[in-house]
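Reading through the structure tokens given below for one structure.
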Amino acid sequence: MSNKALEIKNLSFKYRHNSKETLKKINLSVEKGKWLSILSRNGSGKTTLIKLAAGLLENSSKGSIKIFDQEVNQENFASIKEHIGMVFQNPDNQFVGPTVQDDVAFGLENKSIERNEMIERVDSALKDVEMIEFANREPNSLSGGQKQRVALASVLALQPDIIILDEATSMLDPKGRKSLLKLVQKLRSQYKITVIAITHDIQEIEQSDQVIIIDGGKKKLEGKPAKILIEDEKLESFGLEVPFTKRVRKRLFELGIILPNDYESKEMVANKIW
Ligand code: ADP
């Protein structure tokens, strides 16, 4: 057994009704328990990549995709899906139950989990996302951030090994976004879950261990957030917006006017970037 949660080798992919290849010779791997962010402007192929990895799209492609050393193919879609929980962009599309707790229980009912265990798992997942006091609320009465926490609880209750965040914070305000990402980070380390986040927003990558940038279906950059964040010019050339405050902070640091603050990691300080 390797220590890889996901390993993609030389993956190219073309949709049947599209004349061009959507993915071109992608290579990447994520170690178990780490957080990978896949960053790109829209239309670059990140959703396609993640759908292929999660078995949501038939891999008629060249190249190989392995989840925990198991090749993803048509025969084992079902067992691959067992490992993966997904949180999508729009929380409103994810609710099926009349109350928060029914909603979290839904996936467990589908798996015929025994009643006592189900109650325990729902309870524990809602506590994990700090939503236990909302257990009897109607999902539609919650804020966007609270809805995403419930969506995350539904995923957690299924005890996945990998959580995929598919633009999961893009409909939240900055506070809700930060708080959801912090929560995912806490749960990742508590349960040793691997996180794969796809996003078009540079501000989302700070929590990750590793970032890849794709553009036009090709991998263009790879590294730790600190390394990626200083590549302002390259990022802009891939259509990614570098927040103004980041550019200003970087310049001020280069001039020796400010020191890095807390979230800017020790590594950034050691490498004298930021
Ligand atoms: P992203 O997630 O980065 O926005 P996508 O993976 O959704 O990118 O799309 C990448 C490219 O693949 C786009 O050019 C898009 O038009 C094309 N594409 C996506 N889905 C389909 C499909 N079902 N059939 C044909 N082309 C598609």
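The way I read the labels, and the way they are meant: chains A, B, ... in the order of the structure tokens, residue 1 as the first residue of every chain, and ligand 1 as the first ligand shown, with later ones counted on from there.
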
List as CSV every residue of range 64-86 of chain A that is in contact with range 154-172 of chain A, defined as an atom at most 6 Å from one of its atoms (using only C-alpha atoms), together with the nearest atom pair and the distance in Å rounded to one decimal, sorted by chain and then rising number.
residue,atom,partner,partner_atom,distance
A:His83,CA,A:Pro160,CA,5.0
A:Ile84,CA,A:Ile162,CA,4.9
A:Gly85,CA,A:Ile163,CA,4.8
A:Met86,CA,A:Ile164,CA,4.7

Write the residues you've just listed into a file as a JSON list (two decimals), in the first residue's frame, and include C-alpha atoms for each of them.
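That gives us again-v3.json:
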[["chain", "number", "residue", "atom", "x", "y", "z"],
["A", 83, "HIS", "CA", -14.37, 6.57, 0.01],
["A", 84, "ILE", "CA", -15.54, 9.98, -1.18],
["A", 85, "GLY", "CA", -17.85, 12.67, 0.15],
["A", 86, "MET", "CA", -18.61, 15.77, -1.90]]

Name all residues at most 12 Å from Gly144 in chain A (count only C-alpha atoms; drop same-chain ones fewer than 2 positions away) and give them as number ranges by chain. A: 89-93, 139-142, 146-151, 168-177, 179-180

Output N, CA and C atoms for every residue in that selection, as a PDB file, in the first residue's frame.
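Now in selection16.pdb:
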ATOM      1  N   GLN A  89     -21.220  23.590  -4.563  1.00  0.00           N
ATOM      2  CA  GLN A  89     -21.296  25.046  -4.478  1.00  0.00           C
ATOM      3  C   GLN A  89     -22.596  25.552  -3.836  1.00  0.00           C
ATOM      4  N   ASN A  90     -23.710  25.005  -4.305  1.00  0.00           N
ATOM      5  CA  ASN A  90     -24.988  25.556  -3.873  1.00  0.00           C
ATOM      6  C   ASN A  90     -25.643  24.662  -2.824  1.00  0.00           C
ATOM      7  N   PRO A  91     -25.635  25.109  -1.555  1.00  0.00           N
ATOM      8  CA  PRO A  91     -26.162  24.236  -0.504  1.00  0.00           C
ATOM      9  C   PRO A  91     -27.637  23.911  -0.708  1.00  0.00           C
ATOM     10  N   ASP A  92     -28.380  24.832  -1.361  1.00  0.00           N
ATOM     11  CA  ASP A  92     -29.814  24.594  -1.533  1.00  0.00           C
ATOM     12  C   ASP A  92     -30.111  23.357  -2.380  1.00  0.00           C
ATOM     13  N   ASN A  93     -29.165  23.007  -3.244  1.00  0.00           N
ATOM     14  CA  ASN A  93     -29.400  21.830  -4.087  1.00  0.00           C
ATOM     15  C   ASN A  93     -29.094  20.528  -3.365  1.00  0.00           C
ATOM     16  N   PRO A 139     -33.921  23.097   7.016  1.00  0.00           N
ATOM     17  CA  PRO A 139     -32.681  23.540   6.351  1.00  0.00           C
ATOM     18  C   PRO A 139     -32.823  24.893   5.650  1.00  0.00           C
ATOM     19  N   ASN A 140     -33.998  25.140   5.065  1.00  0.00           N
ATOM     20  CA  ASN A 140     -34.157  26.392   4.318  1.00  0.00           C
ATOM     21  C   ASN A 140     -34.148  27.638   5.181  1.00  0.00           C
ATOM     22  N   SER A 141     -34.297  27.461   6.506  1.00  0.00           N
ATOM     23  CA  SER A 141     -34.291  28.627   7.390  1.00  0.00           C
ATOM     24  C   SER A 141     -32.871  29.008   7.828  1.00  0.00           C
ATOM     25  N   LEU A 142     -31.874  28.290   7.333  1.00  0.00           N
ATOM     26  CA  LEU A 142     -30.493  28.562   7.767  1.00  0.00           C
ATOM     27  C   LEU A 142     -29.790  29.552   6.836  1.00  0.00           C
ATOM     28  N   GLN A 146     -24.365  28.258   7.386  1.00  0.00           N
ATOM     29  CA  GLN A 146     -24.920  27.154   8.191  1.00  0.00           C
ATOM     30  C   GLN A 146     -25.335  25.994   7.294  1.00  0.00           C
ATOM     31  N   LYS A 147     -25.898  26.324   6.137  1.00  0.00           N
ATOM     32  CA  LYS A 147     -26.303  25.265   5.201  1.00  0.00           C
ATOM     33  C   LYS A 147     -25.086  24.439   4.756  1.00  0.00           C
ATOM     34  N   GLN A 148     -23.995  25.130   4.487  1.00  0.00           N
ATOM     35  CA  GLN A 148     -22.804  24.385   4.060  1.00  0.00           C
ATOM     36  C   GLN A 148     -22.256  23.523   5.195  1.00  0.00           C
ATOM     37  N   ARG A 149     -22.417  23.979   6.431  1.00  0.00           N
ATOM     38  CA  ARG A 149     -22.000  23.151   7.571  1.00  0.00           C
ATOM     39  C   ARG A 149     -22.839  21.877   7.647  1.00  0.00           C
ATOM     40  N   VAL A 150     -24.143  22.034   7.374  1.00  0.00           N
ATOM     41  CA  VAL A 150     -25.020  20.858   7.389  1.00  0.00           C
ATOM     42  C   VAL A 150     -24.634  19.918   6.231  1.00  0.00           C
ATOM     43  N   ALA A 151     -24.366  20.505   5.077  1.00  0.00           N
ATOM     44  CA  ALA A 151     -23.946  19.680   3.935  1.00  0.00           C
ATOM     45  C   ALA A 151     -22.673  18.912   4.297  1.00  0.00           C
ATOM     46  N   ALA A 168     -17.064  24.911  -2.806  1.00  0.00           N
ATOM     47  CA  ALA A 168     -18.039  24.833  -1.710  1.00  0.00           C
ATOM     48  C   ALA A 168     -18.235  26.144  -0.955  1.00  0.00           C
ATOM     49  N   THR A 169     -17.291  27.056  -1.086  1.00  0.00           N
ATOM     50  CA  THR A 169     -17.437  28.302  -0.330  1.00  0.00           C
ATOM     51  C   THR A 169     -17.809  29.482  -1.217  1.00  0.00           C
ATOM     52  N   SER A 170     -17.978  29.216  -2.513  1.00  0.00           N
ATOM     53  CA  SER A 170     -18.071  30.371  -3.421  1.00  0.00           C
ATOM     54  C   SER A 170     -19.356  31.175  -3.249  1.00  0.00           C
ATOM     55  N   MET A 171     -20.384  30.605  -2.588  1.00  0.00           N
ATOM     56  CA  MET A 171     -21.602  31.391  -2.383  1.00  0.00           C
ATOM     57  C   MET A 171     -21.670  32.001  -0.985  1.00  0.00           C
ATOM     58  N   LEU A 172     -20.567  31.891  -0.234  1.00  0.00           N
ATOM     59  CA  LEU A 172     -20.576  32.410   1.136  1.00  0.00           C
ATOM     60  C   LEU A 172     -19.902  33.776   1.217  1.00  0.00           C
ATOM     61  N   ASP A 173     -20.269  34.524   2.269  1.00  0.00           N
ATOM     62  CA  ASP A 173     -19.574  35.803   2.471  1.00  0.00           C
ATOM     63  C   ASP A 173     -18.187  35.502   3.061  1.00  0.00           C
ATOM     64  N   PRO A 174     -17.274  36.502   3.072  1.00  0.00           N
ATOM     65  CA  PRO A 174     -15.896  36.223   3.494  1.00  0.00           C
ATOM     66  C   PRO A 174     -15.800  35.549   4.874  1.00  0.00           C
ATOM     67  N   LYS A 175     -16.672  35.952   5.792  1.00  0.00           N
ATOM     68  CA  LYS A 175     -16.628  35.380   7.135  1.00  0.00           C
ATOM     69  C   LYS A 175     -17.049  33.902   7.109  1.00  0.00           C
ATOM     70  N   GLY A 176     -18.143  33.637   6.408  1.00  0.00           N
ATOM     71  CA  GLY A 176     -18.649  32.264   6.298  1.00  0.00           C
ATOM     72  C   GLY A 176     -17.637  31.365   5.599  1.00  0.00           C
ATOM     73  N   ARG A 177     -16.967  31.919   4.619  1.00  0.00           N
ATOM     74  CA  ARG A 177     -15.978  31.184   3.852  1.00  0.00           C
ATOM     75  C   ARG A 177     -14.792  30.777   4.726  1.00  0.00           C
ATOM     76  N   SER A 179     -14.689  30.626   7.929  1.00  0.00           N
ATOM     77  CA  SER A 179     -15.068  29.746   9.019  1.00  0.00           C
ATOM     78  C   SER A 179     -15.278  28.309   8.517  1.00  0.00           C
ATOM     79  N   LEU A 180     -15.830  28.145   7.303  1.00  0.00           N
ATOM     80  CA  LEU A 180     -16.001  26.787   6.768  1.00  0.00           C
ATOM     81  C   LEU A 180     -14.640  26.133   6.492  1.00  0.00           C
TER      82      LEU A 180
END

Pick out the residues sitting within 7 Å of range 61-76 of chain A, and hand them over as an mmCIF file with C-alpha atoms, in the first residue's frame; count only C-alpha atoms, and ignore anything fewer than 3 positions along from it in its own chain.
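The new file result21.cif reads:
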data_model
loop_
_atom_site.group_PDB
_atom_site.id
_atom_site.type_symbol
_atom_site.label_atom_id
_atom_site.label_comp_id
_atom_site.auth_asym_id
_atom_site.auth_seq_id
_atom_site.Cartn_x
_atom_site.Cartn_y
_atom_site.Cartn_z
ATOM 1 C CA MET A 1 0.000 0.000 0.000
ATOM 2 C CA SER A 2 1.298 3.422 -0.911
ATOM 3 C CA LYS A 4 -1.412 8.093 -1.662
ATOM 4 C CA ALA A 5 -5.107 8.897 -1.476
ATOM 5 C CA LEU A 6 -5.267 9.927 -5.123
ATOM 6 C CA GLU A 7 -2.793 9.370 -7.911
ATOM 7 C CA ILE A 8 -3.364 10.538 -11.458
ATOM 8 C CA LYS A 9 -0.931 9.646 -14.196
ATOM 9 C CA ASN A 10 -0.819 11.059 -17.681
ATOM 10 C CA LEU A 11 -4.564 11.710 -17.790
ATOM 11 C CA SER A 12 -6.047 13.135 -20.964
ATOM 12 C CA PHE A 13 -9.775 13.408 -21.522
ATOM 13 C CA LYS A 14 -12.102 14.493 -24.309
ATOM 14 C CA ALA A 53 -11.453 10.981 -9.989
ATOM 15 C CA GLY A 55 -16.121 8.108 -10.624
ATOM 16 C CA GLU A 58 -16.855 7.533 -17.275
ATOM 17 C CA SER A 79 -16.570 0.936 -4.095
ATOM 18 C CA ILE A 80 -14.615 4.051 -5.084
#

As a PyMOL selection string, which residues of range 140-267 of chain A does DSSP assign to alpha helix (DSSP H)? chain A and resi 144-157+174-191+225-229+232-237+244-254+266-267

Could you tell me, counting only C-alpha atoms and all ligand atoms, which protein and nucleic acid residues lie no more than 7 Å from ligand 1, written as a PyMOL selection string? chain A and resi 15-18+22+40-49

Dump all heavy atoms for the selected residues as a compact mmCIF listing (two decimals), in the first residue's frame?
# COMPACT_ATOMS: atom_id res chain seq x y z
N TYR A 15 -14.45 15.12 -24.06
CA TYR A 15 -15.89 14.83 -24.08
C TYR A 15 -16.28 14.41 -25.48
O TYR A 15 -15.72 14.92 -26.47
CB TYR A 15 -16.69 16.08 -23.68
CG TYR A 15 -16.65 16.39 -22.19
CD1 TYR A 15 -15.81 17.38 -21.69
CD2 TYR A 15 -17.47 15.70 -21.30
CE1 TYR A 15 -15.78 17.68 -20.32
CE2 TYR A 15 -17.44 15.99 -19.94
CZ TYR A 15 -16.60 16.98 -19.46
OH TYR A 15 -16.57 17.27 -18.12
N ARG A 16 -17.27 13.53 -25.54
CA ARG A 16 -17.70 12.99 -26.84
C ARG A 16 -18.08 14.10 -27.82
O ARG A 16 -17.73 14.06 -28.99
CB ARG A 16 -18.89 12.05 -26.63
CG ARG A 16 -19.03 11.02 -27.72
CD ARG A 16 -20.01 9.93 -27.35
NE ARG A 16 -19.57 9.14 -26.20
CZ ARG A 16 -20.39 8.60 -25.30
NH1 ARG A 16 -21.69 8.77 -25.42
NH2 ARG A 16 -19.92 7.88 -24.30
N HIS A 17 -18.79 15.13 -27.30
CA HIS A 17 -19.28 16.16 -28.23
C HIS A 17 -18.41 17.41 -28.24
O HIS A 17 -18.86 18.50 -28.53
CB HIS A 17 -20.72 16.52 -27.89
CG HIS A 17 -21.62 15.34 -27.93
ND1 HIS A 17 -21.87 14.64 -29.10
CD2 HIS A 17 -22.29 14.68 -26.95
CE1 HIS A 17 -22.66 13.62 -28.84
NE2 HIS A 17 -22.93 13.61 -27.54
N ASN A 18 -17.18 17.23 -27.90
CA ASN A 18 -16.26 18.37 -27.88
C ASN A 18 -15.06 18.00 -28.75
O ASN A 18 -14.50 16.91 -28.59
CB ASN A 18 -15.83 18.61 -26.42
CG ASN A 18 -15.30 20.00 -26.19
OD1 ASN A 18 -14.71 20.58 -27.10
ND2 ASN A 18 -15.51 20.52 -25.00
N THR A 22 -10.24 18.17 -23.14
CA THR A 22 -10.49 19.03 -21.97
C THR A 22 -9.34 18.91 -20.97
O THR A 22 -8.97 19.89 -20.31
CB THR A 22 -11.83 18.64 -21.32
OG1 THR A 22 -12.86 19.02 -22.22
CG2 THR A 22 -12.07 19.35 -20.01
N SER A 40 -8.09 27.07 -10.68
CA SER A 40 -8.05 27.52 -12.08
C SER A 40 -9.21 28.46 -12.33
O SER A 40 -10.18 28.48 -11.58
CB SER A 40 -8.17 26.34 -13.05
OG SER A 40 -9.51 25.92 -13.19
N ARG A 41 -9.07 29.24 -13.40
CA ARG A 41 -10.22 30.03 -13.83
C ARG A 41 -11.29 29.07 -14.34
O ARG A 41 -10.99 27.90 -14.62
CB ARG A 41 -9.81 31.02 -14.91
CG ARG A 41 -9.44 30.38 -16.23
CD ARG A 41 -9.19 31.42 -17.31
NE ARG A 41 -7.82 31.35 -17.82
CZ ARG A 41 -7.25 32.33 -18.51
NH1 ARG A 41 -7.90 33.43 -18.79
NH2 ARG A 41 -6.00 32.21 -18.95
N ASN A 42 -12.51 29.56 -14.50
CA ASN A 42 -13.58 28.69 -14.96
C ASN A 42 -13.33 28.23 -16.39
O ASN A 42 -12.70 28.93 -17.18
CB ASN A 42 -14.93 29.40 -14.84
CG ASN A 42 -15.33 29.53 -13.38
OD1 ASN A 42 -14.94 28.69 -12.56
ND2 ASN A 42 -16.06 30.57 -13.05
N GLY A 43 -13.78 27.02 -16.67
CA GLY A 43 -13.63 26.47 -18.01
C GLY A 43 -12.28 25.83 -18.27
O GLY A 43 -11.95 25.50 -19.41
N SER A 44 -11.49 25.61 -17.22
CA SER A 44 -10.14 25.07 -17.40
C SER A 44 -10.05 23.56 -17.26
O SER A 44 -9.03 22.96 -17.57
CB SER A 44 -9.18 25.68 -16.38
OG SER A 44 -9.18 27.07 -16.51
N GLY A 45 -11.08 22.95 -16.72
CA GLY A 45 -11.09 21.49 -16.64
C GLY A 45 -11.07 20.92 -15.23
O GLY A 45 -11.00 19.71 -15.05
N LYS A 46 -11.15 21.78 -14.20
CA LYS A 46 -11.03 21.24 -12.84
C LYS A 46 -12.22 20.37 -12.44
O LYS A 46 -12.04 19.34 -11.80
CB LYS A 46 -10.74 22.32 -11.79
CG LYS A 46 -11.74 23.43 -11.72
CD LYS A 46 -11.20 24.52 -10.81
CE LYS A 46 -12.13 25.72 -10.76
NZ LYS A 46 -12.48 26.30 -12.07
N THR A 47 -13.43 20.76 -12.87
CA THR A 47 -14.61 19.93 -12.53
C THR A 47 -14.52 18.58 -13.24
O THR A 47 -14.81 17.54 -12.65
CB THR A 47 -15.90 20.66 -12.96
OG1 THR A 47 -15.87 21.97 -12.39
CG2 THR A 47 -17.14 19.94 -12.49
N THR A 48 -14.10 18.62 -14.48
CA THR A 48 -13.94 17.38 -15.24
C THR A 48 -12.95 16.45 -14.53
O THR A 48 -13.20 15.26 -14.36
CB THR A 48 -13.45 17.70 -16.68
OG1 THR A 48 -14.36 18.63 -17.26
CG2 THR A 48 -13.34 16.47 -17.53
N LEU A 49 -11.84 17.03 -14.11
CA LEU A 49 -10.80 16.25 -13.44
C LEU A 49 -11.35 15.57 -12.19
O LEU A 49 -11.14 14.38 -11.96
CB LEU A 49 -9.64 17.20 -13.08
CG LEU A 49 -8.44 16.61 -12.37
CD1 LEU A 49 -7.75 15.58 -13.25
CD2 LEU A 49 -7.44 17.71 -12.01

Can you pull out every residue from range 24-263 of chain A that DSSP, working from the backbone, puts in strand (DSSP E), and format the result as a VMD selection string? chain A and resid 24 to 31 35 to 39 62 to 67 70 to 71 84 to 87 162 to 166 194 to 199 210 to 215 218 to 223

Which residues are near range 240-244 of chain A? Cut-off 8 Å, only C-alpha atoms, ignore same chain within fewer than 5 positions. Put them as a list in words. Ser40, Arg41, His200, Asp201, Ile202, Gln203, Asp232 and Leu235 of chain A

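Take CA of Gln185 in chain A and CA of Ser37 in chain A: the distance between them is 12.6 Å.
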
I'd like the neighbourhood of Lys234 in chain A as a ChimeraX atom specification, where a residue qualifies if any of its atoms comes within 10 Å (using only C-alpha atoms), though same-chain residues fewer than 5 positions away should be ignored. /A:220-221,228-229,239-240

Expected file contents, prior selection, N, CA, C and O atoms, as a PDB file, in the first residue's frame:
ATOM      1  N   LYS A 220      -0.169  23.720 -14.841  1.00  0.00           N
ATOM      2  CA  LYS A 220       0.780  24.798 -15.133  1.00  0.00           C
ATOM      3  C   LYS A 220       1.728  25.078 -13.972  1.00  0.00           C
ATOM      4  O   LYS A 220       2.856  25.514 -14.169  1.00  0.00           O
ATOM      5  N   LEU A 221       1.240  24.924 -12.767  1.00  0.00           N
ATOM      6  CA  LEU A 221       2.069  25.225 -11.588  1.00  0.00           C
ATOM      7  C   LEU A 221       1.704  24.250 -10.493  1.00  0.00           C
ATOM      8  O   LEU A 221       0.559  23.812 -10.406  1.00  0.00           O
ATOM      9  N   ILE A 228       3.087  29.348  -4.440  1.00  0.00           N
ATOM     10  CA  ILE A 228       2.144  29.748  -5.487  1.00  0.00           C
ATOM     11  C   ILE A 228       1.776  31.230  -5.352  1.00  0.00           C
ATOM     12  O   ILE A 228       1.722  31.968  -6.340  1.00  0.00           O
ATOM     13  N   LEU A 229       1.564  31.647  -4.092  1.00  0.00           N
ATOM     14  CA  LEU A 229       1.033  32.994  -3.871  1.00  0.00           C
ATOM     15  C   LEU A 229       1.987  34.114  -4.302  1.00  0.00           C
ATOM     16  O   LEU A 229       1.552  35.239  -4.530  1.00  0.00           O
ATOM     17  N   GLY A 239      -5.410  33.966 -15.632  1.00  0.00           N
ATOM     18  CA  GLY A 239      -6.753  34.516 -15.418  1.00  0.00           C
ATOM     19  C   GLY A 239      -7.195  34.476 -13.975  1.00  0.00           C
ATOM     20  O   GLY A 239      -8.387  34.525 -13.686  1.00  0.00           O
ATOM     21  N   LEU A 240      -6.237  34.369 -13.043  1.00  0.00           N
ATOM     22  CA  LEU A 240      -6.602  34.315 -11.619  1.00  0.00           C
ATOM     23  C   LEU A 240      -6.340  35.670 -10.986  1.00  0.00           C
ATOM     24  O   LEU A 240      -5.304  36.297 -11.242  1.00  0.00           O
TER      25      LEU A 240
END

Residues near Leu126 in chain A, anyone? I mean within 7 Å using only C-alpha atoms, not counting same-chain ones fewer than 5 positions away, as a PDB file with N, CA and C atoms, in the first residue's frame.
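Done, and the output landed in result33.pdb:
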ATOM      1  N   MET A 131     -23.334  22.452  14.719  1.00  0.00           N
ATOM      2  CA  MET A 131     -24.719  22.742  14.312  1.00  0.00           C
ATOM      3  C   MET A 131     -25.724  21.916  15.096  1.00  0.00           C
ATOM      4  N   ILE A 132     -25.307  21.338  16.211  1.00  0.00           N
ATOM      5  CA  ILE A 132     -26.205  20.436  16.932  1.00  0.00           C
ATOM      6  C   ILE A 132     -27.467  21.154  17.415  1.00  0.00           C
ATOM      7  N   ALA A 153     -21.802  18.082   7.350  1.00  0.00           N
ATOM      8  CA  ALA A 153     -22.176  17.060   8.339  1.00  0.00           C
ATOM      9  C   ALA A 153     -22.726  15.823   7.635  1.00  0.00           C
TER      10      ALA A 153
END

Write out as a ChimeraX atom specification the residues lying within 9 Å of Val184 in chain A, counting only C-alpha atoms and excluding same-chain residues fewer than 3 positions away. /A:129,152,179-181,187-189,195

Save out the residues we just selected, N, CA and C atoms, as a JSON list (two decimals), in the first residue's frame.
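Result file out.json:
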[["chain", "number", "residue", "atom", "x", "y", "z"],
["A", 129, "VAL", "N", -19.67, 19.86, 13.26],
["A", 129, "VAL", "CA", -19.77, 21.09, 12.46],
["A", 129, "VAL", "C", -20.41, 22.24, 13.25],
["A", 152, "LEU", "N", -21.78, 19.59, 5.01],
["A", 152, "LEU", "CA", -20.54, 18.94, 5.44],
["A", 152, "LEU", "C", -20.84, 17.83, 6.46],
["A", 179, "SER", "N", -14.69, 30.63, 7.93],
["A", 179, "SER", "CA", -15.07, 29.75, 9.02],
["A", 179, "SER", "C", -15.28, 28.31, 8.52],
["A", 180, "LEU", "N", -15.83, 28.14, 7.30],
["A", 180, "LEU", "CA", -16.00, 26.79, 6.77],
["A", 180, "LEU", "C", -14.64, 26.13, 6.49],
["A", 181, "LEU", "N", -13.74, 26.92, 5.93],
["A", 181, "LEU", "CA", -12.42, 26.36, 5.61],
["A", 181, "LEU", "C", -11.66, 25.97, 6.89],
["A", 187, "LEU", "N", -11.35, 19.30, 11.02],
["A", 187, "LEU", "CA", -11.85, 17.93, 10.85],
["A", 187, "LEU", "C", -10.85, 17.07, 10.09],
["A", 188, "ARG", "N", -10.17, 17.69, 9.15],
["A", 188, "ARG", "CA", -9.14, 16.96, 8.39],
["A", 188, "ARG", "C", -8.10, 16.41, 9.34],
["A", 189, "SER", "N", -7.64, 17.26, 10.24],
["A", 189, "SER", "CA", -6.57, 16.78, 11.12],
["A", 189, "SER", "C", -7.12, 15.85, 12.20],
["A", 195, "VAL", "N", -8.37, 16.03, 1.88],
["A", 195, "VAL", "CA", -9.28, 17.05, 1.33],
["A", 195, "VAL", "C", -8.79, 17.45, -0.07]]
